[in-house]
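S.K.: Dumping the structure here so I can ask a few things about it.
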There are 2 protein chains.
Amino acid sequence: MKIQVVRATMPYNPKIGTPITALDTPSMVVDLSLMESNIDKLFSHLLTTGIRIRPHLKTTKSVALARKLVAAGATGGCVAKLSEAEVFTDQGFTDLLITTVVVGKVKVGRLVELWKRNREVRIVVDSEAGIRGIEEGMKEAGVQEGKIMTLLDLDVGLHRTGCQPGEEALRLARLVRQSGYLELIGVQGYEGHLQHVHSKSERRERCLEAMSILTKTAEALREDGHAIRVVTTGGTGTAEFCVTVPGVTEVQPGSFLFMDTDYRNAVGTHYSNSLTILATVISKQGPKCVTIDAGLKSLTTDSGLAECKTPGYTYGVLGDEHGSLSWTDAPDLEIGDRVEMIPSHIDPTINLHDSYYAHRDGIVEEIWSVDARGKVQ
Amino acid sequence: MKIQVVRATMPYNPKIGTPITALDTPSMVVDLSLMESNIDKLFSHLLTTGIRIRPHLKTTKSVALARKLVAAGATGGCVAKLSEAEVFTDQGFTDLLITTVVVGKVKVGRLVELWKRNREVRIVVDSEAGIRGIEEGMKEAGVQEGKIMTLLDLDVGLHRTGCQPGEEALRLARLVRQSGYLELIGVQGYEGHLQHVHSKSERRERCLEAMSILTKTAEALREDGHAIRVVTTGGTGTAEFCVTVPGVTEVQPGSFLFMDTDYRNAVGTHYSNSLTILATVISKQGPKCVTIDAGLKSLTTDSGLAECKTPGYTYGVLGDEHGSLSWTDAPDLEIGDRVEMIPSHIDPTINLHDSYYAHRDGIVEEIWSVDARGKVQ
């Protein structure tokens, strides 16, 4: 093969006003009315409680959507990774909590650089090694004044990150207090293991147990002389319970904007599935089976298989780029037909796509970039 | 949250010569010696057969790696999607076969634009509707001369795309012959369902059956007056068998460059696992369990769980951004330790990352962009 210079093509760039029927596929489309309804439902309820809402932006990875959430009443945002915080800070979103501990010399170096230009960034710590690493990074960078706002990450049952309540929490909080570089402002405890518990009463009960660990630890730290003013927790599946607990100051829901089949199966249809992956039937593979152009690179499978928005069709994975739809009693699908697929897990599915095409009644009204796509560091 | 303009940060941009111990994590790293050995092994064997090697670039999505394959003897490349063909064409790789049928008005419009500036692009068709759609697109674009090089996609047992051998194949080939816009140059039949058959003898036997369908169809088409000069097939798990079949003219292996645990479990260790995801231990969660910073957004799970390159540790998924490593008899892992994870499925894992950091003996020697990352259209 000869390698030669060829005039670059125009990137695919559909315009506002395009009907979604004229979008290429696979494309990530959002029903704006449903999404706005989801935002209204969450904020109209939670804002009345006086609890701060700090949505988790790792779901949407979108600056445009973060602005919408701020407009609705969000008082800051969460991100999972430092690289996401860099992206959002670059766009002027400074009140950010990085919900994952920052560990490793390179990552800490990036954190210090970020903090120098964004003093509003908040971090969590859960180990002596982690605290020491950040102190060393600040020292090596020659920081003379100012401290990073720091929350103690507490394990409230997820067993993913977080220190243990009791002695370990007290010991680490004291370490932070002794630090010249960190200022302890609060406690984080994320009950991620409860978000998808199907029984609402069980989800509520177990959530309240986790909240009890969290708020009691916050109280114990206050008794030990720490000025704990932030107690942050909660996700889409539990935020409504968390806000009823005295001592909780903010919640971190993320998926409620779009939902997915996994969340719908667990917490019901209070929030709507507002995001779908538009796909095209590209081949017939039997009397009641067709192949669509959306596979593993368009729809993740870690939380089960996507569902066709139109009832009666069953999705199957046929590889990186292909999926099947089969049926028994639904209308026949033909080559060229288009379908909308509801993702099973919204966060990693969004992370596969570059753009959202948001429509109202089938006409594209807004296009948003997945700004922090792939920012896993 | 006040939204303000903040000076943009320098993007993370490690340099050639960096030790991989100084890379941030998660990062996608490639052992150059192992990758080069994989390329040597495949090409030194297959080139002697006289069969053309057209590697599938949907695996690496990288122009730099495509150049290496051309240097090794590749005579063109495959891509799965039109959007990938656009990216590679823009970089001067023109001898491309799009292995998935191109269906839908928007996609066909993009194809025609691509073909206008790259007459070397090859497509596949498997239905009358698909053929008609491309003809209409060419007509609407006012194409006056020239035909798109077209292969008939044949179902050799995968049941994903492809027409049936026999009458359907003959009928579609005649439709292409009547077309003013398409030139039938060959047949494609991809035995994707056989790539991961664990028994080598069974894989070989079933592959030869599939090749029999493919080459007999090619012969039948020739008898019907079609100038079939390309018979393309094969992947990493079957290419060695395909090249022994008279009538096969080219093979399409992709994963052999890097492999993954799924391929290793099926076809053995002839090719090495040369690509890993570098991760950091960020939290301890028990005496023999730690949390690392690589979860669903760094390592896919559709083909099983990733493995730690160092034996003795078991990986578990803890969410989008986190994984666990547990052990019984291996050395304890501590916060800050770094591990290399071998992906279970290489194509969708690469698609999650922006860059490859290729090292020799631990020193970064080359950095490649995942140029066609996310190009699923």
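Letters for chains follow the order of the structure tokens (A, B, ...), residue numbers begin at 1 for each chain, and ligand numbers begin at 1 in the order shown.
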Could you list, as a PyMOL selection string, the residues of chain A having an atom within 7 Å of chain B when counting only C-alpha atoms?

M.R.: chain A and resi 1+3-9+22-26+70+75-76+86+89-93+95+101+103-104+106-107+129+159-161+282-283+285+291+296-298+301-302+318+320+335-336+348+352-354+374+376-377

S.K.: Let's have the selection written as a compact mmCIF listing (two decimals), in the first residue's frame, with N, CA and C atoms.

M.R.:
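File again.txt, as written:
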# COMPACT_ATOMS: atom_id res chain seq x y z
N MET A 1 0.85 -1.19 0.00
CA MET A 1 0.00 0.00 0.00
C MET A 1 0.88 1.24 0.00
N ILE A 3 1.60 5.03 0.70
CA ILE A 3 1.09 6.00 1.66
C ILE A 3 1.23 7.39 1.05
N GLN A 4 0.15 8.07 0.95
CA GLN A 4 0.14 9.36 0.27
C GLN A 4 -0.71 10.34 1.04
N VAL A 5 -0.56 11.60 0.74
CA VAL A 5 -1.37 12.61 1.42
C VAL A 5 -2.67 12.78 0.65
N VAL A 6 -3.77 12.70 1.35
CA VAL A 6 -5.09 12.83 0.75
C VAL A 6 -5.80 13.98 1.47
N ARG A 7 -6.52 14.76 0.71
CA ARG A 7 -7.26 15.88 1.31
C ARG A 7 -8.15 15.36 2.44
N ALA A 8 -8.06 16.00 3.59
CA ALA A 8 -8.85 15.55 4.72
C ALA A 8 -10.33 15.80 4.47
N THR A 9 -11.14 14.86 4.91
CA THR A 9 -12.59 14.99 4.75
C THR A 9 -13.16 15.97 5.77
N ALA A 22 -32.47 11.84 10.23
CA ALA A 22 -31.40 12.14 9.26
C ALA A 22 -30.02 12.10 9.91
N LEU A 23 -29.93 11.58 11.12
CA LEU A 23 -28.61 11.39 11.75
C LEU A 23 -28.01 10.08 11.28
N ASP A 24 -26.69 10.07 11.14
CA ASP A 24 -26.02 8.80 10.88
C ASP A 24 -26.09 7.96 12.17
N THR A 25 -25.81 6.68 12.03
CA THR A 25 -25.86 5.78 13.19
C THR A 25 -24.57 4.96 13.26
N PRO A 26 -24.22 4.45 14.46
CA PRO A 26 -24.85 4.70 15.75
C PRO A 26 -24.62 6.14 16.21
N VAL A 70 -26.21 23.29 37.05
CA VAL A 70 -26.00 24.49 37.88
C VAL A 70 -27.22 25.40 37.78
N THR A 75 -24.95 22.94 43.37
CA THR A 75 -23.99 23.84 44.02
C THR A 75 -22.60 23.24 43.95
N GLY A 76 -22.16 22.94 42.75
CA GLY A 76 -20.87 22.30 42.55
C GLY A 76 -21.06 20.97 41.86
N GLU A 86 -9.53 18.39 35.63
CA GLU A 86 -8.77 19.28 34.74
C GLU A 86 -9.66 19.82 33.62
N THR A 89 -12.36 22.20 35.09
CA THR A 89 -11.73 23.45 35.54
C THR A 89 -11.39 24.33 34.34
N ASP A 90 -10.86 23.71 33.29
CA ASP A 90 -10.51 24.47 32.08
C ASP A 90 -11.72 25.20 31.51
N GLN A 91 -12.92 24.70 31.82
CA GLN A 91 -14.14 25.33 31.31
C GLN A 91 -14.79 26.23 32.35
N GLY A 92 -14.09 26.46 33.46
CA GLY A 92 -14.60 27.40 34.45
C GLY A 92 -15.43 26.80 35.55
N PHE A 93 -15.54 25.47 35.60
CA PHE A 93 -16.25 24.82 36.71
C PHE A 93 -15.23 24.51 37.79
N ASP A 95 -15.82 24.54 41.41
CA ASP A 95 -16.25 23.93 42.68
C ASP A 95 -16.45 22.44 42.47
N VAL A 101 -9.67 8.81 45.62
CA VAL A 101 -8.39 9.21 46.22
C VAL A 101 -7.33 9.40 45.13
N VAL A 103 -3.63 9.12 44.15
CA VAL A 103 -2.46 8.37 44.60
C VAL A 103 -1.45 8.24 43.47
N GLY A 104 -0.18 8.34 43.79
CA GLY A 104 0.88 8.17 42.79
C GLY A 104 1.55 9.51 42.52
N VAL A 106 2.98 10.93 39.89
CA VAL A 106 2.59 11.72 38.71
C VAL A 106 1.23 12.35 38.94
N LYS A 107 0.31 11.56 39.45
CA LYS A 107 -1.05 12.06 39.65
C LYS A 107 -1.04 13.18 40.68
N ALA A 129 -0.56 6.67 53.58
CA ALA A 129 0.31 6.76 52.39
C ALA A 129 -0.21 7.80 51.42
N HIS A 159 -16.71 -1.15 50.48
CA HIS A 159 -15.40 -1.82 50.47
C HIS A 159 -14.65 -1.59 49.17
N ARG A 160 -14.62 -0.35 48.72
CA ARG A 160 -13.94 -0.02 47.47
C ARG A 160 -12.79 0.93 47.77
N THR A 161 -13.11 2.06 48.31
CA THR A 161 -12.10 2.92 48.93
C THR A 161 -12.69 3.35 50.26
N ILE A 282 -28.85 -3.34 9.35
CA ILE A 282 -27.98 -3.38 8.17
C ILE A 282 -28.01 -4.72 7.44
N SER A 283 -28.57 -5.76 8.06
CA SER A 283 -28.59 -7.06 7.39
C SER A 283 -29.72 -7.91 7.96
N GLN A 285 -30.91 -11.69 8.94
CA GLN A 285 -30.25 -12.95 9.21
C GLN A 285 -31.26 -14.03 9.56
N THR A 291 -29.55 -7.80 11.88
CA THR A 291 -28.31 -7.30 12.46
C THR A 291 -28.34 -5.78 12.43
N LEU A 296 -20.39 -3.90 20.73
CA LEU A 296 -19.67 -3.63 21.99
C LEU A 296 -19.02 -2.25 22.04
N LYS A 297 -18.73 -1.68 20.89
CA LYS A 297 -18.11 -0.35 20.88
C LYS A 297 -19.14 0.78 20.93
N SER A 298 -20.43 0.44 20.98
CA SER A 298 -21.47 1.45 21.08
C SER A 298 -22.34 1.29 22.33
N THR A 301 -21.79 -3.91 28.04
CA THR A 301 -22.52 -5.10 28.48
C THR A 301 -22.23 -5.46 29.93
N ASP A 302 -21.46 -4.64 30.63
CA ASP A 302 -21.06 -5.01 31.99
C ASP A 302 -22.24 -5.16 32.94
N LEU A 318 -23.23 -9.22 18.67
CA LEU A 318 -22.59 -9.98 17.59
C LEU A 318 -21.16 -9.51 17.37
N ASP A 320 -17.85 -6.43 18.13
CA ASP A 320 -17.50 -5.04 18.43
C ASP A 320 -18.46 -4.05 17.78
N ILE A 335 -34.05 -4.09 6.37
CA ILE A 335 -32.79 -3.36 6.17
C ILE A 335 -33.08 -1.88 5.96
N GLY A 336 -32.37 -1.05 6.69
CA GLY A 336 -32.58 0.39 6.62
C GLY A 336 -33.46 0.93 7.74
N PRO A 348 -20.47 4.09 31.36
CA PRO A 348 -19.47 3.61 30.38
C PRO A 348 -19.98 3.66 28.94
N LEU A 352 -18.21 5.95 25.48
CA LEU A 352 -17.85 5.42 24.16
C LEU A 352 -18.12 6.41 23.04
N HIS A 353 -18.90 7.45 23.32
CA HIS A 353 -19.37 8.33 22.25
C HIS A 353 -18.74 9.72 22.36
N ASP A 354 -18.71 10.42 21.22
CA ASP A 354 -18.12 11.76 21.18
C ASP A 354 -19.13 12.87 21.45
N GLY A 374 -13.10 9.47 28.00
CA GLY A 374 -11.82 8.78 28.09
C GLY A 374 -10.89 9.29 29.17
N VAL A 376 -9.72 8.86 32.21
CA VAL A 376 -9.76 7.86 33.29
C VAL A 376 -8.61 8.04 34.28
N GLN A 377 -7.70 8.97 33.97
CA GLN A 377 -6.55 9.13 34.88
C GLN A 377 -6.88 10.07 36.04

S.K.: With DSSP run on the backbone, what are the alpha helix (DSSP H) residues within segment 143-230 of chain A? I'd like them as a count of residues only.

M.R.: 36

S.K.: Pick out each residue of segment 28-269 of chain B that DSSP on the backbone tags as strand (DSSP E); I need them as an MDAnalysis selection string.

M.R.: chainID B and resid 28:31 52:53 77:79 96:98 122:125 148:153 182:188 230:233 250:251

S.K.: I'd like the neighbourhood of Val370 of chain B as an mmCIF file with all heavy atoms, in the first residue's frame, where a residue qualifies if any of its atoms comes within 8 Å (using only C-alpha atoms), though same-chain residues fewer than 5 positions away should be ignored.

M.R.:
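After the write, out_16.cif holds the following:
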data_model
loop_
_atom_site.group_PDB
_atom_site.id
_atom_site.type_symbol
_atom_site.label_atom_id
_atom_site.label_comp_id
_atom_site.auth_asym_id
_atom_site.auth_seq_id
_atom_site.Cartn_x
_atom_site.Cartn_y
_atom_site.Cartn_z
ATOM 1 N N THR B 60 -6.430 -1.812 16.281
ATOM 2 C CA THR B 60 -5.517 -0.787 16.821
ATOM 3 C C THR B 60 -6.040 0.627 16.610
ATOM 4 O O THR B 60 -5.675 1.524 17.352
ATOM 5 C CB THR B 60 -4.139 -0.866 16.143
ATOM 6 O OG1 THR B 60 -4.267 -0.470 14.760
ATOM 7 C CG2 THR B 60 -3.582 -2.269 16.209
ATOM 8 N N LYS B 61 -6.841 0.859 15.558
ATOM 9 C CA LYS B 61 -7.343 2.199 15.234
ATOM 10 C C LYS B 61 -6.215 3.223 15.157
ATOM 11 O O LYS B 61 -6.445 4.417 15.396
ATOM 12 C CB LYS B 61 -8.396 2.648 16.261
ATOM 13 C CG LYS B 61 -9.721 1.878 16.141
ATOM 14 C CD LYS B 61 -10.732 2.340 17.177
ATOM 15 C CE LYS B 61 -12.108 1.718 16.974
ATOM 16 N NZ LYS B 61 -12.921 2.451 15.995
ATOM 17 N N SER B 62 -5.030 2.778 14.790
ATOM 18 C CA SER B 62 -3.848 3.639 14.853
ATOM 19 C C SER B 62 -3.151 3.720 13.506
ATOM 20 O O SER B 62 -2.797 2.687 12.918
ATOM 21 C CB SER B 62 -2.874 3.082 15.891
ATOM 22 O OG SER B 62 -1.565 3.534 15.648
ATOM 23 N N VAL B 63 -2.926 4.940 13.052
ATOM 24 C CA VAL B 63 -2.207 5.155 11.797
ATOM 25 C C VAL B 63 -0.742 4.722 11.938
ATOM 26 O O VAL B 63 -0.182 4.089 11.034
ATOM 27 C CB VAL B 63 -2.316 6.637 11.385
ATOM 28 C CG1 VAL B 63 -1.441 6.938 10.190
ATOM 29 C CG2 VAL B 63 -3.776 6.992 11.095
ATOM 30 N N ILE B 350 -8.861 -1.054 23.719
ATOM 31 C CA ILE B 350 -8.081 0.008 23.063
ATOM 32 C C ILE B 350 -8.979 1.211 22.791
ATOM 33 O O ILE B 350 -8.572 2.365 22.974
ATOM 34 C CB ILE B 350 -7.446 -0.518 21.758
ATOM 35 C CG1 ILE B 350 -6.340 -1.519 22.083
ATOM 36 C CG2 ILE B 350 -6.901 0.632 20.894
ATOM 37 C CD1 ILE B 350 -5.805 -2.268 20.872
ATOM 38 N N ASN B 351 -10.210 0.944 22.384
ATOM 39 C CA ASN B 351 -11.156 2.006 22.040
ATOM 40 C C ASN B 351 -11.490 2.911 23.229
ATOM 41 O O ASN B 351 -12.067 3.976 23.057
ATOM 42 C CB ASN B 351 -12.440 1.374 21.476
ATOM 43 C CG ASN B 351 -13.398 2.377 20.887
ATOM 44 O OD1 ASN B 351 -12.989 3.245 20.113
ATOM 45 N ND2 ASN B 351 -14.665 2.292 21.258
ATOM 46 N N HIS B 353 -9.098 4.118 25.207
ATOM 47 C CA HIS B 353 -7.906 4.912 25.545
ATOM 48 C C HIS B 353 -7.533 5.858 24.403
ATOM 49 O O HIS B 353 -7.876 5.616 23.246
ATOM 50 C CB HIS B 353 -6.751 3.973 25.883
ATOM 51 C CG HIS B 353 -7.021 3.151 27.113
ATOM 52 N ND1 HIS B 353 -6.615 3.538 28.367
ATOM 53 C CD2 HIS B 353 -7.701 1.985 27.287
ATOM 54 C CE1 HIS B 353 -7.023 2.641 29.266
ATOM 55 N NE2 HIS B 353 -7.681 1.685 28.635
ATOM 56 N N ASP B 354 -6.820 6.923 24.746
ATOM 57 C CA ASP B 354 -6.415 7.932 23.758
ATOM 58 C C ASP B 354 -5.057 7.621 23.129
ATOM 59 O O ASP B 354 -4.820 7.961 21.980
ATOM 60 C CB ASP B 354 -6.304 9.311 24.418
ATOM 61 C CG ASP B 354 -7.671 9.909 24.715
ATOM 62 O OD1 ASP B 354 -8.605 9.639 23.949
ATOM 63 O OD2 ASP B 354 -7.795 10.631 25.718
ATOM 64 N N SER B 355 -4.161 7.050 23.909
ATOM 65 C CA SER B 355 -2.769 6.905 23.468
ATOM 66 C C SER B 355 -2.202 5.565 23.890
ATOM 67 O O SER B 355 -2.577 5.003 24.918
ATOM 68 C CB SER B 355 -1.887 7.993 24.100
ATOM 69 O OG SER B 355 -2.356 9.273 23.764
ATOM 70 N N TYR B 356 -1.284 5.090 23.061
ATOM 71 C CA TYR B 356 -0.436 3.946 23.416
ATOM 72 C C TYR B 356 0.922 4.500 23.865
ATOM 73 O O TYR B 356 1.485 5.367 23.185
ATOM 74 C CB TYR B 356 -0.130 3.081 22.209
ATOM 75 C CG TYR B 356 -1.242 2.438 21.457
ATOM 76 C CD1 TYR B 356 -1.903 3.121 20.445
ATOM 77 C CD2 TYR B 356 -1.587 1.106 21.690
ATOM 78 C CE1 TYR B 356 -2.887 2.504 19.692
ATOM 79 C CE2 TYR B 356 -2.574 0.481 20.934
ATOM 80 C CZ TYR B 356 -3.222 1.189 19.935
ATOM 81 O OH TYR B 356 -4.182 0.574 19.189
#

S.K.: Which residue, A:Asn38, A:Ser199, A:Ser369, A:Thr232, has the smallest gap to Thr215 of chain A when you use only C-alpha atoms?

M.R.: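 Result for the nearest residue to Thr215 of chain A: A:Thr232.
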
S.K.: Please identify all polymer residues within 8 Å of segment 201-208 of chain A, counting only C-alpha atoms, omitting same-chain residues fewer than 2 positions from it, and present them as a ChimeraX atom specification.

M.R.: /A:191,194-195,197-199,210-212,238,241-242,245

S.K.: Neighbours of Ile98 of chain B within 8 Å (only C-alpha atoms; same-chain residues fewer than 4 positions away dropped), as a VMD selection string?

M.R.: chain B and resid 78 to 82 85 121 to 124

S.K.: For a test of reading the model, state the distance in Å between atom CA of Pro246 of chain A and atom CA of Leu221 of chain A, rounded to one decimal.

M.R.: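 Value for the atom CA of Pro246 of chain A-atom CA of Leu221 of chain A distance: 16.0 Å.
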
S.K.: Give me, as a VMD selection string, all polymer residues having an atom no more than 10 Å from Gly268 of chain A, counting only C-alpha atoms and skipping those fewer than 5 positions away in the same chain.

M.R.: chain A and resid 198 200 237 259 261 to 263

S.K.: How far is it from atom CA of Leu278 of chain B to atom CA of Glu366 of chain B, in Å with one decimal?

M.R.: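 These two atoms are separated by 16.2 Å.
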
S.K.: Report, in Å with one decimal, the straight-line distance from atom CA of Ile20 of chain B to atom CA of Val364 of chain B.

M.R.: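 Here the two named atoms are 6.4 Å from each other.
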
S.K.: Which neighbours of Val187 of chain A fall inside 9 Å, counting only C-alpha atoms, when residues of the same chain fewer than 4 positions from it are skipped, and could you give them as a list in words?

M.R.: Val124, Thr150, Leu151, Leu152, Asp153, Leu154, Leu214, Thr215, Thr217, Ala218, Ile228, Arg229, Val230, Val231, Thr232 and Thr233 of chain A
